[in-house]
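Engineer: Following this line is coords_27.pdb, made up of PDB, C-alpha atoms:
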ATOM      1  CA  MET A   1     -36.241  54.342  48.984  1.00  0.00           C
ATOM      2  CA  ALA A   2     -34.481  52.574  46.126  1.00  0.00           C
ATOM      3  CA  ILE A   3     -31.261  54.108  44.838  1.00  0.00           C
ATOM      4  CA  HIS A   4     -30.906  54.067  41.069  1.00  0.00           C
ATOM      5  CA  ARG A   5     -27.453  53.007  39.944  1.00  0.00           C
ATOM      6  CA  PRO A   6     -26.664  52.194  36.352  1.00  0.00           C
ATOM      7  CA  PRO A   7     -25.788  48.481  36.418  1.00  0.00           C
ATOM      8  CA  ASN A   8     -22.703  49.020  34.265  1.00  0.00           C
ATOM      9  CA  VAL A   9     -21.122  51.716  36.478  1.00  0.00           C
ATOM     10  CA  LEU A  10     -19.497  50.856  39.800  1.00  0.00           C
ATOM     11  CA  VAL A  11     -18.395  53.665  42.111  1.00  0.00           C
ATOM     12  CA  SER A  12     -16.330  52.934  45.195  1.00  0.00           C
ATOM     13  CA  CYS A  13     -14.836  55.315  47.740  1.00  0.00           C
ATOM     14  CA  ARG A  14     -11.405  55.326  49.310  1.00  0.00           C
ATOM     15  CA  GLY A  15     -11.314  58.520  51.318  1.00  0.00           C
ATOM     16  CA  ASN A  16     -13.978  60.567  49.514  1.00  0.00           C
ATOM     17  CA  ARG A  17     -14.924  62.105  52.889  1.00  0.00           C
ATOM     18  CA  GLY A  18     -18.391  63.074  51.702  1.00  0.00           C
ATOM     19  CA  MET A  19     -17.231  65.804  49.303  1.00  0.00           C
ATOM     20  CA  VAL A  20     -19.268  64.334  46.449  1.00  0.00           C
ATOM     21  CA  ASP A  21     -22.221  61.974  46.340  1.00  0.00           C
ATOM     22  CA  PRO A  22     -21.210  58.687  44.651  1.00  0.00           C
ATOM     23  CA  ARG A  23     -24.766  58.355  43.287  1.00  0.00           C
ATOM     24  CA  THR A  24     -24.386  61.651  41.424  1.00  0.00           C
ATOM     25  CA  VAL A  25     -21.032  60.507  40.068  1.00  0.00           C
ATOM     26  CA  SER A  26     -22.628  57.249  38.919  1.00  0.00           C
ATOM     27  CA  ARG A  27     -25.458  59.055  37.127  1.00  0.00           C
ATOM     28  CA  ARG A  28     -23.028  61.431  35.459  1.00  0.00           C
ATOM     29  CA  ALA A  29     -20.799  58.536  34.428  1.00  0.00           C
ATOM     30  CA  ALA A  30     -23.774  56.868  32.747  1.00  0.00           C
ATOM     31  CA  ARG A  31     -24.392  60.104  30.798  1.00  0.00           C
ATOM     32  CA  ILE A  32     -20.707  60.225  29.823  1.00  0.00           C
ATOM     33  CA  LEU A  33     -20.935  56.681  28.476  1.00  0.00           C
ATOM     34  CA  GLY A  34     -23.991  57.697  26.466  1.00  0.00           C
ATOM     35  CA  ALA A  35     -22.148  60.737  25.110  1.00  0.00           C
ATOM     36  CA  ILE A  36     -19.317  58.542  23.803  1.00  0.00           C
ATOM     37  CA  GLU A  37     -21.928  56.185  22.322  1.00  0.00           C
ATOM     38  CA  ARG A  38     -21.054  53.300  24.641  1.00  0.00           C
ATOM     39  CA  PRO A  39     -24.023  53.378  27.021  1.00  0.00           C
ATOM     40  CA  LEU A  40     -23.676  49.734  28.041  1.00  0.00           C
ATOM     41  CA  ALA A  41     -19.906  49.757  28.591  1.00  0.00           C
ATOM     42  CA  GLU A  42     -18.751  48.722  32.038  1.00  0.00           C
ATOM     43  CA  LEU A  43     -16.826  51.298  34.030  1.00  0.00           C
ATOM     44  CA  SER A  44     -15.325  51.260  37.502  1.00  0.00           C
ATOM     45  CA  ILE A  45     -14.728  54.541  39.327  1.00  0.00           C
ATOM     46  CA  VAL A  46     -12.768  55.030  42.527  1.00  0.00           C
ATOM     47  CA  LEU A  47     -13.259  58.284  44.425  1.00  0.00           C
ATOM     48  CA  CYS A  48     -10.256  58.667  46.699  1.00  0.00           C
ATOM     49  CA  ASP A  49      -7.992  60.974  48.664  1.00  0.00           C
ATOM     50  CA  ASP A  50      -4.511  62.188  47.727  1.00  0.00           C
ATOM     51  CA  ALA A  51      -2.706  59.478  49.710  1.00  0.00           C
ATOM     52  CA  PHE A  52      -4.501  56.706  47.795  1.00  0.00           C
ATOM     53  CA  ILE A  53      -3.891  58.174  44.326  1.00  0.00           C
ATOM     54  CA  ARG A  54      -0.287  59.082  45.207  1.00  0.00           C
ATOM     55  CA  LYS A  55       0.467  55.419  45.903  1.00  0.00           C
ATOM     56  CA  LEU A  56      -1.130  54.363  42.612  1.00  0.00           C
ATOM     57  CA  ASN A  57       0.767  57.061  40.743  1.00  0.00           C
ATOM     58  CA  GLN A  58       4.026  55.832  42.309  1.00  0.00           C
ATOM     59  CA  ASP A  59       3.297  52.147  41.707  1.00  0.00           C
ATOM     60  CA  PHE A  60       2.066  52.441  38.111  1.00  0.00           C
ATOM     61  CA  ARG A  61       3.703  55.585  36.724  1.00  0.00           C
ATOM     62  CA  GLY A  62       6.813  55.934  38.899  1.00  0.00           C
ATOM     63  CA  ARG A  63       5.737  59.408  40.017  1.00  0.00           C
ATOM     64  CA  ASP A  64       5.785  59.941  43.774  1.00  0.00           C
ATOM     65  CA  MET A  65       3.096  62.595  43.899  1.00  0.00           C
ATOM     66  CA  ALA A  66      -0.643  62.923  44.077  1.00  0.00           C
ATOM     67  CA  THR A  67      -2.455  63.624  40.829  1.00  0.00           C
ATOM     68  CA  ASP A  68      -6.061  64.421  40.025  1.00  0.00           C
ATOM     69  CA  VAL A  69      -7.039  61.446  37.832  1.00  0.00           C
ATOM     70  CA  LEU A  70      -5.616  58.125  36.653  1.00  0.00           C
ATOM     71  CA  SER A  71      -7.033  55.743  34.058  1.00  0.00           C
ATOM     72  CA  PHE A  72      -6.441  52.034  33.838  1.00  0.00           C
ATOM     73  CA  PRO A  73      -7.788  50.537  30.588  1.00  0.00           C
ATOM     74  CA  MET A  74      -8.960  46.984  31.145  1.00  0.00           C
ATOM     75  CA  ALA A  75      -8.045  45.777  27.659  1.00  0.00           C
ATOM     76  CA  GLU A  76      -4.365  46.477  28.338  1.00  0.00           C
ATOM     77  CA  GLU A  77      -4.333  44.357  31.491  1.00  0.00           C
ATOM     78  CA  VAL A  78      -6.227  41.165  30.778  1.00  0.00           C
ATOM     79  CA  PRO A  79      -7.789  39.458  27.776  1.00  0.00           C
ATOM     80  CA  ILE A  80     -11.442  40.408  27.609  1.00  0.00           C
ATOM     81  CA  ASP A  81     -14.363  38.575  26.114  1.00  0.00           C
ATOM     82  CA  PRO A  82     -14.955  40.451  22.830  1.00  0.00           C
ATOM     83  CA  ASP A  83     -18.698  40.398  23.527  1.00  0.00           C
ATOM     84  CA  LEU A  84     -18.176  42.470  26.673  1.00  0.00           C
ATOM     85  CA  ASP A  85     -17.527  46.212  26.609  1.00  0.00           C
ATOM     86  CA  VAL A  86     -15.384  46.666  29.708  1.00  0.00           C
ATOM     87  CA  LEU A  87     -13.572  50.012  29.641  1.00  0.00           C
ATOM     88  CA  GLY A  88     -11.567  49.814  32.852  1.00  0.00           C
ATOM     89  CA  ASP A  89     -11.022  51.970  35.927  1.00  0.00           C
ATOM     90  CA  VAL A  90     -10.892  55.710  36.497  1.00  0.00           C
ATOM     91  CA  VAL A  91      -9.475  56.876  39.822  1.00  0.00           C
ATOM     92  CA  VAL A  92     -10.267  60.456  40.868  1.00  0.00           C
ATOM     93  CA  SER A  93      -8.728  62.204  43.846  1.00  0.00           C
ATOM     94  CA  VAL A  94     -11.675  64.086  45.297  1.00  0.00           C
ATOM     95  CA  GLU A  95      -9.253  65.881  47.595  1.00  0.00           C
ATOM     96  CA  THR A  96      -7.339  67.325  44.614  1.00  0.00           C
ATOM     97  CA  ALA A  97     -10.568  67.926  42.698  1.00  0.00           C
ATOM     98  CA  ASN A  98     -11.901  69.924  45.635  1.00  0.00           C
ATOM     99  CA  ARG A  99      -8.788  72.147  45.696  1.00  0.00           C
ATOM    100  CA  GLN A 100      -8.959  72.648  41.938  1.00  0.00           C
ATOM    101  CA  ALA A 101     -12.680  73.439  42.117  1.00  0.00           C
ATOM    102  CA  ASN A 102     -12.139  76.006  44.864  1.00  0.00           C
ATOM    103  CA  SER A 103      -9.376  77.629  42.819  1.00  0.00           C
ATOM    104  CA  ALA A 104     -11.610  77.760  39.722  1.00  0.00           C
ATOM    105  CA  HIS A 105     -14.692  78.856  41.733  1.00  0.00           C
ATOM    106  CA  ILE A 106     -16.751  75.871  40.604  1.00  0.00           C
ATOM    107  CA  ARG A 107     -18.473  73.042  42.447  1.00  0.00           C
ATOM    108  CA  THR A 108     -16.413  70.002  43.398  1.00  0.00           C
ATOM    109  CA  ILE A 109     -18.869  67.669  41.624  1.00  0.00           C
ATOM    110  CA  ASP A 110     -18.321  69.594  38.392  1.00  0.00           C
ATOM    111  CA  GLU A 111     -14.537  69.268  38.704  1.00  0.00           C
ATOM    112  CA  VAL A 112     -14.915  65.548  39.464  1.00  0.00           C
ATOM    113  CA  THR A 113     -17.097  65.262  36.348  1.00  0.00           C
ATOM    114  CA  SER A 114     -14.440  66.993  34.221  1.00  0.00           C
ATOM    115  CA  LEU A 115     -11.777  64.642  35.571  1.00  0.00           C
ATOM    116  CA  LEU A 116     -14.016  61.635  34.997  1.00  0.00           C
ATOM    117  CA  ILE A 117     -14.589  62.685  31.377  1.00  0.00           C
ATOM    118  CA  HIS A 118     -10.846  63.076  30.927  1.00  0.00           C
ATOM    119  CA  GLY A 119     -10.232  59.632  32.399  1.00  0.00           C
ATOM    120  CA  VAL A 120     -12.916  57.946  30.308  1.00  0.00           C
ATOM    121  CA  LEU A 121     -11.542  59.515  27.135  1.00  0.00           C
ATOM    122  CA  HIS A 122      -8.144  58.011  27.965  1.00  0.00           C
ATOM    123  CA  LEU A 123      -9.834  54.623  28.421  1.00  0.00           C
ATOM    124  CA  VAL A 124     -11.247  54.789  24.894  1.00  0.00           C
ATOM    125  CA  GLY A 125      -7.983  55.835  23.283  1.00  0.00           C
ATOM    126  CA  TRP A 126      -7.841  59.627  23.398  1.00  0.00           C
ATOM    127  CA  ASP A 127      -4.541  61.254  24.350  1.00  0.00           C
ATOM    128  CA  HIS A 128      -2.984  64.693  24.630  1.00  0.00           C
ATOM    129  CA  ASP A 129       0.628  64.044  23.705  1.00  0.00           C
ATOM    130  CA  SER A 130       0.847  66.887  21.179  1.00  0.00           C
ATOM    131  CA  PRO A 131      -0.688  70.368  20.973  1.00  0.00           C
ATOM    132  CA  ALA A 132      -3.066  69.232  18.218  1.00  0.00           C
ATOM    133  CA  SER A 133      -4.254  66.125  20.097  1.00  0.00           C
ATOM    134  CA  GLU A 134      -4.557  68.143  23.306  1.00  0.00           C
ATOM    135  CA  LYS A 135      -6.822  70.639  21.515  1.00  0.00           C
ATOM    136  CA  ARG A 136      -8.979  67.855  20.048  1.00  0.00           C
ATOM    137  CA  MET A 137      -9.255  66.116  23.430  1.00  0.00           C
ATOM    138  CA  PHE A 138     -10.227  69.376  25.135  1.00  0.00           C
ATOM    139  CA  GLN A 139     -12.909  70.005  22.486  1.00  0.00           C
ATOM    140  CA  GLU A 140     -14.308  66.489  22.963  1.00  0.00           C
ATOM    141  CA  SER A 141     -14.217  66.884  26.752  1.00  0.00           C
ATOM    142  CA  SER A 142     -16.081  70.178  26.467  1.00  0.00           C
ATOM    143  CA  ARG A 143     -18.707  68.620  24.171  1.00  0.00           C
ATOM    144  CA  ILE A 144     -19.306  65.793  26.641  1.00  0.00           C
ATOM    145  CA  GLU A 145     -19.365  68.111  29.659  1.00  0.00           C
ATOM    146  CA  THR A 146     -22.028  70.235  27.960  1.00  0.00           C
ATOM    147  CA  LEU A 147     -24.135  67.119  27.359  1.00  0.00           C
ATOM    148  CA  VAL A 148     -23.667  65.858  30.925  1.00  0.00           C
ATOM    149  CA  THR A 149     -24.000  69.080  32.931  1.00  0.00           C
ATOM    150  CA  GLY A 150     -25.503  71.588  30.514  1.00  0.00           C
ATOM    151  CA  LYS A 151     -22.387  73.766  30.573  1.00  0.00           C
ATOM    152  CA  PRO A 152     -18.972  73.528  28.910  1.00  0.00           C
ATOM    153  CA  LEU A 153     -15.684  72.937  30.701  1.00  0.00           C
ATOM    154  CA  ALA A 154     -14.416  75.807  32.798  1.00  0.00           C
ATOM    155  CA  LEU A 155     -11.207  77.335  31.483  1.00  0.00           C
TER     156      LEU A 155
END
Just dump the structure as structure tokens.
Structural biologist:
Amino acid sequence: MAIHRPPNVLVSCRGNRGMVDPRTVSRRAARILGAIERPLAELSIVLCDDAFIRKLNQDFRGRDMATDVLSFPMAEEVPIDPDLDVLGDVVVSVETANRQANSAHIRTIDEVTSLLIHGVLHLVGWDHDSPASEKRMFQESSRIETLVTGKPLAL
């Protein structure tokens, strides 16, 4: 049986422990890219555990703690061929997502999707550094989540 994977989305696992299916994440990521009108953009996703994301958070943000999602825009790191649409990397702690999903009484894959949307929006320039920008980013996240899963973000 052939596994369909969008050629522009790469999902790797670093401690996912089977909590979410990487193929489902890949399909949802492709829908997210379509929702932001960049269906051919290249995106790398790492599904990891808390130990992995904690080290990244310490190394890149100086925060010695696990977090739920980190984004690493490619354009900030290396010069990119302007003809390529390479967004960068989104790292999601499935371990944290699972705890958050249990607390919110939702499925882990839906929490991972919410975190992935959040990370992708950061890659394309969205931020939440003020109440107004946080509200706009939440509205955009909710719009995308509805397109991807058929339901808006859980509050």
Engineer: Can you list, as an NGL selection string, every protein, DNA or RNA residue that comes within 10 Å of segment 28-41 of chain A when you count all atoms listed in the file, leaving out same-chain residues fewer than 5 positions away?
Structural biologist: :A and (5-11 or 22-23 or 84-88 or 109-110 or 112-113 or 116-117 or 120-121 or 124 or 140-141 or 143-149)
Engineer: The PyMOL selection byres ((chain A and resi 98) around 10) on the file shown: which residues, as a count of residues only?
Structural biologist: 21
Engineer: Got a sec: who's within 7 Å of Gly119 of chain A, counting all atoms listed in the file, leaving out chain neighbours fewer than 5 positions off, as an MDAnalysis selection string?
Structural biologist: chainID A and resid 69:71 90
Engineer: Grab the residues selected above and save them as a PDB file, in the frame of the given file with C-alpha atoms.
Structural biologist:
ATOM      1  CA  VAL A  69      -7.039  61.446  37.832  1.00  0.00           C
ATOM      2  CA  LEU A  70      -5.616  58.125  36.653  1.00  0.00           C
ATOM      3  CA  SER A  71      -7.033  55.743  34.058  1.00  0.00           C
ATOM      4  CA  VAL A  90     -10.892  55.710  36.497  1.00  0.00           C
TER       5      VAL A  90
END
Engineer: By how many Å are atom CA of Ser130 of chain A and atom CA of Leu43 of chain A apart?
Structural biologist: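 Between these atoms lies a distance of 26.8 Å.
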Engineer: In Å, rounded to a single decimal, give me how far atom CA of Pro73 of chain A is from atom CA of Leu123 of chain A.
Structural biologist: 5.1 Å
